[in-house]
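J.: final13.txt is reproduced in full below (compact mmCIF, C-alpha atoms).
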```txt
# COMPACT_ATOMS: atom_id res chain seq x y z
CA MET A 1 51.28 11.88 -51.92
CA SER A 2 53.47 11.34 -48.91
CA ALA A 3 53.08 10.29 -45.32
CA ASN A 4 53.25 13.82 -43.96
CA GLN A 5 50.13 15.04 -45.70
CA PRO A 6 48.08 17.24 -43.47
CA SER A 7 44.85 15.30 -43.94
CA GLY A 8 45.60 13.30 -40.84
CA GLN A 9 45.07 10.09 -42.75
CA GLN A 10 48.04 7.72 -42.61
CA MET A 11 49.07 7.04 -46.23
CA PRO A 12 51.19 4.01 -47.05
CA ARG A 13 54.88 4.72 -46.96
CA HIS A 14 55.70 2.14 -49.62
CA HIS A 15 54.00 0.85 -52.68
CA MET A 16 52.47 -2.51 -52.09
CA PRO A 17 54.47 -5.21 -53.83
CA LEU A 18 53.62 -6.15 -57.37
CA PHE A 19 52.43 -9.65 -58.22
CA GLU A 20 52.37 -11.19 -61.69
CA VAL A 21 49.16 -13.03 -62.50
CA PHE A 22 48.83 -16.28 -64.44
CA VAL A 23 45.46 -17.74 -65.38
CA ARG A 24 44.58 -21.24 -66.51
CA SER A 25 41.58 -20.82 -68.78
CA LYS A 26 40.71 -24.48 -68.94
CA ARG A 27 41.85 -27.77 -67.45
CA GLY A 28 44.63 -29.24 -69.52
CA LEU A 29 46.03 -25.87 -70.63
CA ASP A 30 49.05 -24.08 -69.19
CA HIS A 31 48.67 -21.08 -66.91
CA THR A 32 49.27 -18.02 -69.06
CA HIS A 33 50.55 -14.65 -67.97
CA VAL A 34 47.76 -12.08 -68.11
CA GLY A 35 49.08 -9.07 -66.16
CA SER A 36 49.83 -7.94 -62.63
CA VAL A 37 48.29 -6.52 -59.47
CA HIS A 38 49.57 -4.67 -56.42
CA ALA A 39 48.62 -6.33 -53.17
CA GLU A 40 49.61 -6.37 -49.53
CA ASP A 41 50.31 -10.09 -49.55
CA ALA A 42 49.95 -13.20 -51.69
CA GLU A 43 46.50 -14.12 -50.38
CA GLN A 44 45.16 -10.69 -51.22
CA ALA A 45 46.91 -10.73 -54.58
CA LEU A 46 45.00 -13.87 -55.43
CA GLU A 47 41.68 -12.22 -54.68
CA TYR A 48 42.53 -8.99 -56.49
CA ALA A 49 43.71 -11.02 -59.49
CA ARG A 50 40.41 -12.87 -59.49
CA ASP A 51 38.50 -9.60 -59.41
CA VAL A 52 40.63 -7.92 -62.08
CA TYR A 53 41.33 -10.69 -64.54
CA THR A 54 38.57 -13.27 -64.30
CA ARG A 55 35.29 -11.43 -64.20
CA ARG A 56 33.97 -13.28 -67.27
CA SER A 57 34.90 -16.88 -66.54
CA GLU A 58 38.32 -16.42 -68.11
CA GLY A 59 39.84 -18.88 -65.73
CA ILE A 60 39.48 -21.89 -63.50
CA SER A 61 42.78 -21.41 -61.69
CA VAL A 62 44.99 -18.43 -60.87
CA TRP A 63 48.66 -18.27 -59.87
CA VAL A 64 50.24 -15.17 -58.43
CA VAL A 65 53.95 -14.72 -57.91
CA ARG A 66 55.85 -11.70 -56.62
CA SER A 67 57.26 -9.84 -59.61
CA SER A 68 60.55 -9.44 -57.75
CA ASP A 69 60.84 -13.25 -57.65
CA ILE A 70 60.78 -13.52 -61.42
CA VAL A 71 64.17 -13.70 -63.02
CA ALA A 72 63.99 -12.72 -66.67
CA SER A 73 66.40 -12.69 -69.56
CA GLN A 74 67.11 -9.29 -71.06
CA GLU A 75 65.68 -8.65 -74.44
CA SER A 76 68.70 -6.52 -75.30
CA ASP A 77 70.84 -9.62 -74.77
CA GLN A 78 68.51 -11.69 -76.91
CA HIS A 79 71.01 -12.10 -79.69
CA CYS A 80 73.77 -13.71 -77.68
CA PHE A 81 71.46 -15.38 -75.15
CA PHE A 82 69.63 -17.37 -77.82
CA ASP A 83 72.42 -17.28 -80.36
CA PRO A 84 73.03 -21.02 -80.69
CA ASN A 85 69.55 -21.43 -82.23
CA ASP A 86 70.19 -19.44 -85.34
CA ASP A 87 72.59 -21.73 -87.13
CA LYS A 88 70.86 -25.06 -86.44
CA PRO A 89 68.18 -25.48 -89.10
CA TYR A 90 68.65 -29.23 -88.83
CA ARG A 91 66.68 -29.20 -85.57
CA HIS A 92 63.55 -28.65 -87.65
CA ALA A 93 61.63 -31.39 -89.41
CA ALA A 94 61.43 -29.41 -92.65
CA PHE A 95 65.22 -29.58 -92.99
CA TYR A 96 64.89 -33.20 -94.15
CA GLN A 97 63.42 -33.25 -97.60
CA LEU A 98 61.83 -36.62 -98.18
CA PRO A 99 60.18 -37.84 -101.38
CA ASP A 100 56.41 -37.22 -101.56
CA GLU A 101 55.57 -40.90 -101.08
CA VAL A 102 56.97 -40.90 -97.53
CA ASP A 103 56.76 -37.22 -96.66
CA ASN A 104 53.87 -37.64 -94.19
CA MET A 105 56.27 -38.75 -91.46
CA MET B 21 29.57 -29.48 -59.48
CA SER B 22 27.55 -29.83 -56.29
CA PRO B 23 29.50 -29.61 -53.04
CA ALA B 24 27.87 -32.83 -51.89
CA LEU B 25 30.02 -34.87 -54.25
CA SER B 26 32.88 -36.82 -52.72
CA HIS B 27 36.49 -36.50 -53.90
CA GLU B 28 36.13 -39.82 -55.67
CA GLU B 29 33.00 -38.71 -57.49
CA ILE B 30 34.54 -35.43 -58.61
CA PHE B 31 37.60 -37.27 -59.88
CA ALA B 32 35.52 -39.89 -61.68
CA GLY B 33 33.35 -37.15 -63.17
CA ARG B 34 36.38 -35.36 -64.57
CA ILE B 35 37.73 -38.55 -66.10
CA ALA B 36 34.33 -39.37 -67.60
CA ALA B 37 34.04 -35.87 -69.08
CA ASP B 38 37.52 -36.17 -70.65
CA GLU B 39 38.78 -33.33 -68.49
CA ARG B 40 42.40 -33.18 -67.43
CA ILE B 41 43.49 -33.87 -63.86
CA GLU B 42 45.84 -31.17 -62.57
CA PRO B 43 48.52 -31.46 -59.85
CA LYS B 44 46.53 -29.96 -56.97
CA ASP B 45 43.39 -32.00 -57.64
CA TRP B 46 42.51 -34.87 -55.38
CA MET B 47 43.34 -38.16 -57.09
CA PRO B 48 43.21 -41.82 -56.03
CA GLU B 49 46.51 -43.11 -54.67
CA GLY B 50 46.58 -45.81 -57.36
CA TYR B 51 46.24 -43.19 -60.10
CA ARG B 52 49.11 -41.20 -58.62
CA ARG B 53 51.33 -44.27 -58.26
CA ASN B 54 50.50 -45.52 -61.73
CA LEU B 55 51.39 -42.14 -63.23
CA ILE B 56 54.64 -41.82 -61.29
CA ARG B 57 55.61 -45.27 -62.56
CA GLN B 58 54.71 -44.55 -66.17
CA ILE B 59 56.06 -40.99 -66.43
CA SER B 60 59.33 -41.78 -64.65
CA GLN B 61 59.89 -44.85 -66.82
CA HIS B 62 59.17 -42.74 -69.87
CA ALA B 63 61.77 -40.24 -68.61
CA HIS B 64 64.30 -43.01 -67.97
CA SER B 65 63.74 -44.27 -71.52
CA GLU B 66 64.60 -40.87 -72.94
CA VAL B 67 67.78 -40.66 -70.87
CA ILE B 68 68.96 -44.26 -71.38
CA GLY B 69 68.05 -43.82 -75.05
CA MET B 70 70.86 -41.28 -75.35
CA GLN B 71 73.45 -44.04 -75.01
CA PRO B 72 73.16 -46.17 -78.17
CA GLU B 73 73.19 -43.14 -80.47
CA GLY B 74 75.47 -41.05 -78.28
CA ALA B 75 78.18 -43.62 -78.84
CA TRP B 76 78.04 -42.81 -82.58
CA ILE B 77 78.52 -39.06 -82.30
CA THR B 78 82.30 -39.37 -82.64
CA ARG B 79 81.95 -41.87 -85.47
CA ALA B 80 79.30 -40.14 -87.59
CA PRO B 81 80.31 -40.26 -91.27
CA SER B 82 80.22 -36.49 -91.88
CA LEU B 83 80.18 -33.21 -90.00
CA LYS B 84 76.54 -32.74 -91.00
CA ARG B 85 75.52 -36.13 -89.57
CA LYS B 86 77.55 -35.44 -86.44
CA THR B 87 75.80 -32.13 -85.71
CA VAL B 88 72.40 -33.68 -86.41
CA LEU B 89 73.06 -36.62 -84.10
CA LEU B 90 74.38 -34.32 -81.40
CA ALA B 91 71.19 -32.24 -81.61
CA LYS B 92 69.02 -35.35 -81.48
CA VAL B 93 70.77 -36.83 -78.45
CA GLN B 94 70.57 -33.43 -76.74
CA ASP B 95 66.81 -33.40 -77.42
CA GLU B 96 66.42 -36.81 -75.77
CA GLY B 97 68.08 -35.44 -72.64
CA GLY B 98 65.71 -32.46 -72.74
CA HIS B 99 62.72 -34.75 -73.14
CA GLY B 100 63.86 -36.71 -70.10
CA LEU B 101 63.88 -33.45 -68.13
CA TYR B 102 60.37 -32.44 -69.25
CA LEU B 103 59.14 -35.82 -68.07
CA TYR B 104 61.02 -35.86 -64.74
CA SER B 105 59.51 -32.48 -63.94
CA ALA B 106 56.01 -33.73 -64.88
CA ALA B 107 56.55 -36.69 -62.51
CA GLU B 108 57.73 -34.33 -59.75
CA THR B 109 54.32 -32.60 -59.79
CA LEU B 110 52.99 -35.88 -58.34
CA GLY B 111 55.17 -35.65 -55.26
CA THR B 112 58.13 -37.84 -56.12
CA SER B 113 61.69 -36.51 -56.29
CA ARG B 114 64.43 -36.67 -58.89
CA GLU B 115 66.67 -38.54 -56.42
CA GLU B 116 64.03 -41.22 -55.79
CA MET B 117 63.50 -41.74 -59.51
CA ILE B 118 67.21 -41.99 -60.31
CA GLN B 119 67.64 -44.39 -57.40
CA ALA B 120 64.80 -46.57 -58.72
CA LEU B 121 66.40 -46.64 -62.18
CA GLN B 122 69.88 -47.46 -60.97
CA SER B 123 68.73 -50.18 -58.58
CA GLY B 124 66.65 -51.81 -61.30
CA ARG B 125 63.30 -51.19 -59.58
CA ALA B 126 62.18 -48.90 -62.41
CA LYS B 127 62.21 -50.08 -66.01
CA TYR B 128 62.86 -48.19 -69.21
CA ALA B 129 62.04 -49.03 -72.83
CA SER B 130 63.76 -52.36 -73.32
CA ILE B 131 64.66 -51.55 -76.93
CA PHE B 132 67.65 -49.65 -75.62
CA ASN B 133 69.07 -52.92 -74.33
CA TYR B 134 69.93 -53.87 -77.90
CA PRO B 135 73.32 -52.85 -79.27
CA CYS B 136 73.75 -50.11 -81.88
CA MET B 137 76.41 -51.74 -84.01
CA SER B 138 76.53 -49.89 -87.33
CA TRP B 139 75.71 -46.55 -88.90
CA GLY B 140 72.68 -48.30 -90.38
CA ASP B 141 71.48 -48.88 -86.82
CA VAL B 142 71.55 -45.13 -86.19
CA GLY B 143 69.26 -44.70 -89.19
CA ALA B 144 66.99 -47.54 -88.10
CA ILE B 145 66.70 -46.17 -84.56
CA GLY B 146 65.54 -42.78 -85.81
CA TRP B 147 63.16 -44.27 -88.33
CA LEU B 148 61.72 -47.18 -86.31
CA VAL B 149 62.34 -46.52 -82.63
CA ASP B 150 61.48 -42.83 -82.78
CA GLY B 151 58.68 -43.69 -85.20
CA ALA B 152 57.18 -46.12 -82.69
CA ALA B 153 57.71 -43.64 -79.86
CA ILE B 154 55.85 -40.95 -81.83
CA VAL B 155 52.85 -43.25 -82.40
CA ASN B 156 52.71 -43.85 -78.66
CA GLN B 157 53.30 -40.23 -77.72
CA ILE B 158 50.72 -38.79 -80.09
CA SER B 159 48.18 -40.97 -78.33
CA LEU B 160 49.48 -39.79 -74.93
CA GLN B 161 48.83 -36.14 -75.82
CA GLN B 162 45.27 -37.04 -74.77
CA THR B 163 46.31 -38.61 -71.47
CA SER B 164 44.20 -37.57 -68.47
CA TYR B 165 47.01 -36.01 -66.42
CA GLY B 166 47.58 -32.40 -67.51
CA PRO B 167 51.34 -32.01 -66.99
CA TYR B 168 52.02 -35.33 -68.76
CA ALA B 169 49.77 -34.40 -71.69
CA ARG B 170 51.47 -31.02 -72.07
CA ALA B 171 54.93 -32.59 -71.95
CA MET B 172 53.80 -34.93 -74.75
CA VAL B 173 52.68 -32.03 -76.92
CA ARG B 174 56.07 -30.38 -76.52
CA ILE B 175 57.94 -33.61 -77.17
CA CYS B 176 55.93 -34.58 -80.27
CA LYS B 177 56.56 -31.17 -81.77
CA GLU B 178 60.30 -31.70 -81.41
CA GLU B 179 60.42 -35.36 -82.23
CA SER B 180 59.38 -35.27 -85.87
CA PHE B 181 62.90 -34.29 -86.90
CA HIS B 182 64.28 -37.36 -85.15
CA GLN B 183 62.32 -39.76 -87.29
CA ARG B 184 62.95 -37.85 -90.50
CA GLN B 185 66.72 -37.69 -89.99
CA GLY B 186 66.71 -41.46 -89.38
CA TYR B 187 64.74 -42.14 -92.53
CA ASP B 188 67.03 -39.77 -94.39
CA ILE B 189 70.01 -41.89 -93.31
CA MET B 190 68.23 -45.06 -94.50
CA LEU B 191 67.33 -43.42 -97.80
CA ASN B 192 70.94 -42.45 -98.38
CA LEU B 193 72.19 -45.93 -97.60
CA CYS B 194 69.56 -47.52 -99.85
CA ARG B 195 70.60 -45.30 -102.74
CA GLY B 196 74.24 -46.25 -102.16
CA SER B 197 76.52 -49.20 -102.85
CA GLY B 198 75.56 -52.85 -102.42
CA GLU B 199 77.41 -52.84 -99.14
CA GLN B 200 75.44 -49.82 -97.90
CA ILE B 201 72.13 -51.38 -98.90
CA ALA B 202 73.12 -54.54 -97.05
CA MET B 203 73.92 -52.43 -94.00
CA ALA B 204 70.45 -50.86 -94.12
CA GLN B 205 68.77 -54.25 -94.50
CA ASP B 206 70.78 -55.71 -91.64
CA ALA B 207 69.72 -52.82 -89.40
CA LEU B 208 66.05 -53.30 -90.30
CA ASP B 209 66.38 -57.05 -89.67
CA ARG B 210 67.64 -56.48 -86.15
CA TRP B 211 65.46 -53.49 -85.13
CA TRP B 212 62.10 -54.50 -86.58
CA TRP B 213 60.97 -56.94 -83.90
CA PRO B 214 62.29 -54.98 -80.91
CA SER B 215 60.42 -51.95 -82.32
CA LEU B 216 57.15 -53.91 -82.32
CA MET B 217 57.90 -54.97 -78.74
CA MET B 218 58.04 -51.31 -77.73
CA PHE B 219 54.24 -51.27 -77.60
CA GLY B 220 54.29 -53.84 -74.81
CA PRO B 221 52.44 -57.12 -74.27
CA HIS B 222 49.14 -58.00 -75.92
CA ASP B 223 46.23 -56.14 -74.35
CA ALA B 224 44.98 -59.27 -72.60
CA GLU B 225 48.34 -59.84 -70.91
CA SER B 226 49.30 -56.29 -70.07
CA ALA B 227 49.65 -55.90 -66.30
CA HIS B 228 48.75 -52.22 -66.01
CA SER B 229 46.69 -51.72 -69.15
CA SER B 230 43.08 -52.06 -68.04
CA ARG B 231 43.38 -49.69 -65.08
CA SER B 232 45.39 -47.23 -67.16
CA MET B 233 42.73 -47.32 -69.86
CA ALA B 234 39.93 -46.86 -67.31
CA TRP B 235 41.73 -43.85 -65.86
CA LYS B 236 42.44 -42.61 -69.38
CA ILE B 237 46.16 -42.49 -68.67
CA LYS B 238 46.42 -44.67 -71.77
CA ARG B 239 44.01 -43.77 -74.55
CA GLN B 240 44.69 -46.56 -77.04
CA SER B 241 45.66 -50.13 -76.35
CA ASN B 242 49.08 -51.67 -77.00
CA ASP B 243 47.76 -53.74 -79.89
CA GLU B 244 45.95 -50.82 -81.53
CA LEU B 245 49.07 -48.68 -81.43
CA ARG B 246 51.27 -51.52 -82.68
CA GLN B 247 48.93 -52.05 -85.65
CA LYS B 248 49.04 -48.35 -86.44
CA PHE B 249 52.83 -48.42 -86.44
CA VAL B 250 52.99 -51.46 -88.72
CA ASP B 251 50.49 -49.93 -91.15
CA GLN B 252 52.42 -46.72 -91.51
CA THR B 253 55.88 -48.29 -91.59
CA VAL B 254 55.45 -51.03 -94.19
CA PRO B 255 55.04 -48.59 -97.13
CA GLN B 256 58.09 -46.68 -95.88
CA ALA B 257 60.16 -49.87 -95.96
CA GLU B 258 58.83 -50.69 -99.44
CA PHE B 259 59.85 -47.27 -100.65
CA LEU B 260 63.39 -47.95 -99.41
CA GLY B 261 63.35 -51.28 -101.25
CA LEU B 262 63.97 -53.13 -97.99
CA ARG B 263 62.38 -56.36 -96.84
CA ILE B 264 60.66 -56.51 -93.46
CA PRO B 265 61.84 -59.68 -91.68
CA ASP B 266 58.40 -61.23 -91.20
CA PRO B 267 57.16 -63.95 -93.59
CA LYS B 268 53.63 -63.54 -92.25
CA LEU B 269 53.44 -59.87 -93.08
CA GLN B 270 50.75 -59.17 -95.67
CA TRP B 271 48.00 -56.70 -96.47
CA ASN B 272 44.57 -57.83 -95.29
CA GLU B 273 42.01 -56.28 -97.59
CA GLU B 274 39.11 -57.16 -95.34
CA ARG B 275 40.56 -55.62 -92.18
CA GLY B 276 42.17 -52.74 -94.04
CA HIS B 277 45.35 -53.44 -92.07
CA TYR B 278 48.54 -55.43 -92.41
CA ASP B 279 48.56 -58.85 -90.78
CA PHE B 280 51.85 -59.68 -89.14
CA GLY B 281 53.58 -62.49 -87.30
CA GLU B 282 53.84 -63.13 -83.59
CA ILE B 283 56.46 -61.39 -81.49
CA ASP B 284 58.95 -63.64 -79.69
CA TRP B 285 57.47 -63.02 -76.25
CA GLU B 286 60.11 -65.10 -74.53
CA GLU B 287 62.76 -62.74 -75.81
CA PHE B 288 60.60 -59.80 -74.72
CA ALA B 289 60.25 -61.20 -71.18
CA ARG B 290 63.98 -61.95 -71.01
CA VAL B 291 65.03 -58.43 -72.01
CA VAL B 292 62.46 -56.78 -69.71
CA ALA B 293 63.68 -58.96 -66.85
CA GLY B 294 67.19 -57.60 -67.34
CA ASP B 295 68.80 -60.26 -69.47
CA GLY B 296 69.09 -58.43 -72.79
CA PRO B 297 72.36 -57.89 -74.63
CA CYS B 298 73.08 -54.49 -73.04
CA ASN B 299 71.01 -54.14 -69.83
CA ALA B 300 74.00 -54.21 -67.49
CA GLU B 301 76.04 -51.95 -69.74
CA ARG B 302 73.31 -49.29 -69.91
CA ILE B 303 72.85 -49.09 -66.13
CA ASP B 304 76.60 -49.27 -65.45
CA HIS B 305 77.09 -46.37 -67.84
CA HIS B 306 74.33 -44.37 -66.15
CA VAL B 307 75.80 -45.00 -62.69
CA ARG B 308 79.29 -44.10 -63.90
CA ALA B 309 78.11 -40.87 -65.55
CA HIS B 310 76.14 -39.99 -62.43
CA GLU B 311 79.16 -40.61 -60.18
CA ASP B 312 81.48 -38.75 -62.53
CA GLY B 313 79.15 -35.78 -62.22
CA ALA B 314 79.09 -35.83 -58.41
CA TRP B 315 81.70 -33.05 -58.15
CA VAL B 316 79.50 -30.76 -60.27
CA ARG B 317 76.52 -31.27 -57.99
CA LYS B 318 78.78 -30.69 -55.00
CA ALA B 319 80.13 -27.47 -56.48
CA MET B 320 76.59 -26.25 -57.20
CA LEU B 321 75.58 -26.90 -53.59
CA ALA B 322 78.65 -25.11 -52.28
CA TYR B 323 77.85 -22.15 -54.50
CA GLU B 324 74.27 -22.11 -53.27
CA GLU B 325 75.43 -22.23 -49.62
CA ARG B 326 77.77 -19.34 -50.11
CA HIS B 327 75.13 -17.14 -51.78
CA ARG B 328 72.38 -17.91 -49.33
```
How does this structure look as C-alpha cells?

T.:
Amino acid sequence: MSANQPSGQQMPRHHMPLFEVFVRSKRGLDHTHVGSVHAEDAEQALEYARDVYTRRSEGISVWVVRSSDIVASQESDQHCFFDPNDDKPYRHAAFYQLPDEVDNM
Amino acid sequence: MSPALSHEEIFAGRIAADERIEPKDWMPEGYRRNLIRQISQHAHSEVIGMQPEGAWITRAPSLKRKTVLLAKVQDEGGHGLYLYSAAETLGTSREEMIQALQSGRAKYASIFNYPCMSWGDVGAIGWLVDGAAIVNQISLQQTSYGPYARAMVRICKEESFHQRQGYDIMLNLCRGSGEQIAMAQDALDRWWWPSLMMFGPHDAESAHSSRSMAWKIKRQSNDELRQKFVDQTVPQAEFLGLRIPDPKLQWNEERGHYDFGEIDWEEFARVVAGDGPCNAERIDHHVRAHEDGAWVRKAMLAYEERHR
C-alpha cells in the first residue's frame, strides 16, 4: 500500500520503527530478549510489548530499545571475532586435573 | 502488593521474602550507600589484586604457566569491570570510585598489601586467596541486590580455574625437590593468616555486618565463612604434605569443624589502616598506571568528539 491510494485514508509513509523487547521474568534474573514490536515511539513500544509478550505473567519488567540502536557482531565474522577463545583451554577449570582427593575445588 | 504500602514497607517486604532488589526500585539511602561501598571495594580488590601476580607474568617458569597467569590476571581485570558496572547501577560513577581508591577513602582486600616474593606465592595466592574469595563470593550469589548477585554468578563460574591452577602449582612444587617443597611451605606460612583475615573481623566487632545481614547484602557472617574456608582447606594442605602454621589447629569431633588459633588482629588493623608492607606501593602503581593511560582516554574523547 502507498500514500496515494484512492481510499482517501492517509496511510503511513514510513514503517514505524522497530523496537527489540527484553523481559525480566522474575526479580533477580536478567532481562532476556524475547522479540520485537513496531511502535510509533518508545512509550507505545512498551505497551505493545506488554500486550504481545507478557499476556501470561511472563514478566515483571520490560525493556524496549530501538533496533537501530543495537550494534551487533556479524555471525559471518564469528571465527575471527571470537578467535582468541579457541586456543585457550587453560581458561577452563577442567584443564587442571587434580587427584580425586582434592578434586572438589 | 497493596498500593497503600509505603516505599519502606515494599522494600522490607521484598527483603523478607528473599526477593532481589533491582536498580529502579526504591531503596533506603543507607542500603544504597552500603552497597556502593561494598561493591566498589570488591571491584578495587579485583583490580589491585592484579598487581602481585601480574609482576610474575614475565618471570613465570614456563610458557604454559605464563599463559595461564596472563589469563588469570586478565580475568581479575574483567571481574573488576563487572563489579564497577554493578556499582554504577546505584548512581555512582567510575571516576568517583577511582578517586576514592586513589585517595585512600575506599579500601580493598588488605591481603594484596602483602608482597608476592616467590613462585610459591603465586601458587598460594591462587589456592588460598582465590579459595577464600570463592567461599565469600558463593555466599554473595544470594545477596539481595540483583546486579551484584548476577555479577557474582558470572565471577564464580570463571573463578574456579584460578584456584585450581594455584593448587596445581603447589602440587607440582610439593612433588619436586627439597628446595621446591620448602618454597611451597614458606608460601603457605606467609599466606595462611592473611587469607583468614580476608573474611574480616569477628562478627561481634564487624562495623557493617549487622546492617548488611539485616538487609541480606551479606548472607553468612564473617566467622561462618572463615570456618568454612578452614574446613575445606586443611585437607587440601594435608594432601600436599604441608603444615599449616597454626599450633592450635585441630579437628573438633563434637563441633564437626576444625578449631583454629586467633588471628593477629593488631596486624589486621595495621594493614587495613594503610601500614602494611605494600599499601603505598599498590596505590602508587595504580596512580601511575592511571596517569600513564591518560593519553588513551584523551584520544578516545577526541575520537568521540570528531564522530559526534

J.: Which residues of chain A are close to chain B, meaning at most 7 Å apart when you count all atoms listed in the file, and how do they look as a list in words?

T.: Arg27, Gly28, Tyr90, Arg91, His92, Ala93, Tyr96, Val102 and Met105 of chain A

J.: Rounded to one decimal in Å, what is the spacing between atom CA of Leu121 of chain B and atom CA of Ala171 of chain B?

T.: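 For atom CA of Leu121 of chain B relative to atom CA of Ala171 of chain B, the distance reads 20.6 Å.
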
J.: I'd like to know which of A:Ser57, A:Ser67, A:Ser73, A:Asn104 is closest to Pro17 of chain A, using all atoms listed in the file.

T.: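 Of A:Ser57, A:Ser67, A:Ser73, A:Asn104, the one nearest Pro17 of chain A, counting all atoms listed in the file, is A:Ser67.
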
J.: Between atom CA of Trp46 of chain B and atom CA of Ser229 of chain B, what is the spacing in Å?

T.: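 For atom CA of Ser229 of chain B relative to atom CA of Trp46 of chain B, the distance reads 22.2 Å.
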
J.: Which residues come within 8 Å of Phe22 of chain A, counting all atoms listed in the file, excluding same-chain residues fewer than 3 positions away, as a PyMOL selection string?

T.: chain A and resi 31-35+62-64

J.: List every protein, DNA or RNA residue that has at least one atom no more than 9 Å from (53.3, -13.9, -59.3) in the file's coordinates, counting only C-alpha atoms, and write the result as a ChimeraX atom specification.

T.: /A:18-22,36-37,42,45,63-70

J.: So that I have them on file, write out the residues from the current selection with C-alpha atoms, as an mmCIF file, in the frame of the given file.

T.:
```cif
data_model
loop_
_atom_site.group_PDB
_atom_site.id
_atom_site.type_symbol
_atom_site.label_atom_id
_atom_site.label_comp_id
_atom_site.auth_asym_id
_atom_site.auth_seq_id
_atom_site.Cartn_x
_atom_site.Cartn_y
_atom_site.Cartn_z
ATOM 1 C CA LEU A 18 53.620 -6.150 -57.370
ATOM 2 C CA PHE A 19 52.430 -9.650 -58.220
ATOM 3 C CA GLU A 20 52.370 -11.190 -61.690
ATOM 4 C CA VAL A 21 49.160 -13.030 -62.500
ATOM 5 C CA PHE A 22 48.830 -16.280 -64.440
ATOM 6 C CA SER A 36 49.830 -7.940 -62.630
ATOM 7 C CA VAL A 37 48.290 -6.520 -59.470
ATOM 8 C CA ALA A 42 49.950 -13.200 -51.690
ATOM 9 C CA ALA A 45 46.910 -10.730 -54.580
ATOM 10 C CA TRP A 63 48.660 -18.270 -59.870
ATOM 11 C CA VAL A 64 50.240 -15.170 -58.430
ATOM 12 C CA VAL A 65 53.950 -14.720 -57.910
ATOM 13 C CA ARG A 66 55.850 -11.700 -56.620
ATOM 14 C CA SER A 67 57.260 -9.840 -59.610
ATOM 15 C CA SER A 68 60.550 -9.440 -57.750
ATOM 16 C CA ASP A 69 60.840 -13.250 -57.650
ATOM 17 C CA ILE A 70 60.780 -13.520 -61.420
#
```

J.: Hey, which of B:Ala319, B:Met217, B:Leu90, B:Ile283 ends up closest to Ile131 of chain B? Count all atoms listed in the file.

T.: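 Residue with the minimum atom-to-atom distance to Ile131 of chain B: B:Met217.
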
J.: Which neighbours of Gln247 of chain B fall inside 8 Å, counting only C-alpha atoms, when residues of the same chain fewer than 4 positions from it are skipped, and could you give them as a list in words?

T.: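 Within the cut-off, the hits are Asp243, Asp251, His277 and Tyr278 of chain B.
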
J.: Generate N, CA, C and O atoms for segment 289-299 of chain B and emit them as a short mmCIF file (atom, residue, chain, number, x, y, z; two decimals), in the frame of the given file.

T.:
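Final output, part.cif:
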```cif
data_model
loop_
_atom_site.label_atom_id
_atom_site.label_comp_id
_atom_site.auth_asym_id
_atom_site.auth_seq_id
_atom_site.Cartn_x
_atom_site.Cartn_y
_atom_site.Cartn_z
N ALA B 289 60.23 -61.02 -72.64
CA ALA B 289 60.25 -61.20 -71.18
C ALA B 289 61.69 -61.21 -70.66
O ALA B 289 61.99 -60.62 -69.61
N ARG B 290 62.58 -61.84 -71.42
CA ARG B 290 63.98 -61.95 -71.01
C ARG B 290 64.62 -60.56 -70.93
O ARG B 290 65.29 -60.21 -69.96
N VAL B 291 64.39 -59.75 -71.96
CA VAL B 291 65.03 -58.43 -72.01
C VAL B 291 64.43 -57.51 -70.93
O VAL B 291 65.14 -56.77 -70.26
N VAL B 292 63.10 -57.59 -70.76
CA VAL B 292 62.46 -56.78 -69.71
C VAL B 292 62.99 -57.17 -68.33
O VAL B 292 63.24 -56.32 -67.47
N ALA B 293 63.21 -58.48 -68.15
CA ALA B 293 63.68 -58.96 -66.85
C ALA B 293 65.14 -58.61 -66.59
O ALA B 293 65.66 -58.85 -65.50
N GLY B 294 65.83 -58.05 -67.59
CA GLY B 294 67.19 -57.60 -67.34
C GLY B 294 68.25 -58.40 -68.06
O GLY B 294 69.45 -58.13 -67.93
N ASP B 295 67.82 -59.37 -68.86
CA ASP B 295 68.80 -60.26 -69.47
C ASP B 295 68.94 -60.01 -70.97
O ASP B 295 69.15 -60.93 -71.76
N GLY B 296 68.85 -58.77 -71.39
CA GLY B 296 69.09 -58.43 -72.79
C GLY B 296 70.57 -58.23 -73.04
O GLY B 296 71.36 -58.26 -72.10
N PRO B 297 70.94 -58.01 -74.29
CA PRO B 297 72.36 -57.89 -74.63
C PRO B 297 73.07 -56.74 -73.90
O PRO B 297 74.26 -56.83 -73.61
N CYS B 298 72.38 -55.66 -73.59
CA CYS B 298 73.08 -54.49 -73.04
C CYS B 298 72.53 -53.96 -71.72
O CYS B 298 72.91 -52.86 -71.30
N ASN B 299 71.62 -54.69 -71.05
CA ASN B 299 71.01 -54.14 -69.83
C ASN B 299 72.05 -53.66 -68.83
O ASN B 299 72.00 -52.53 -68.34
#
```
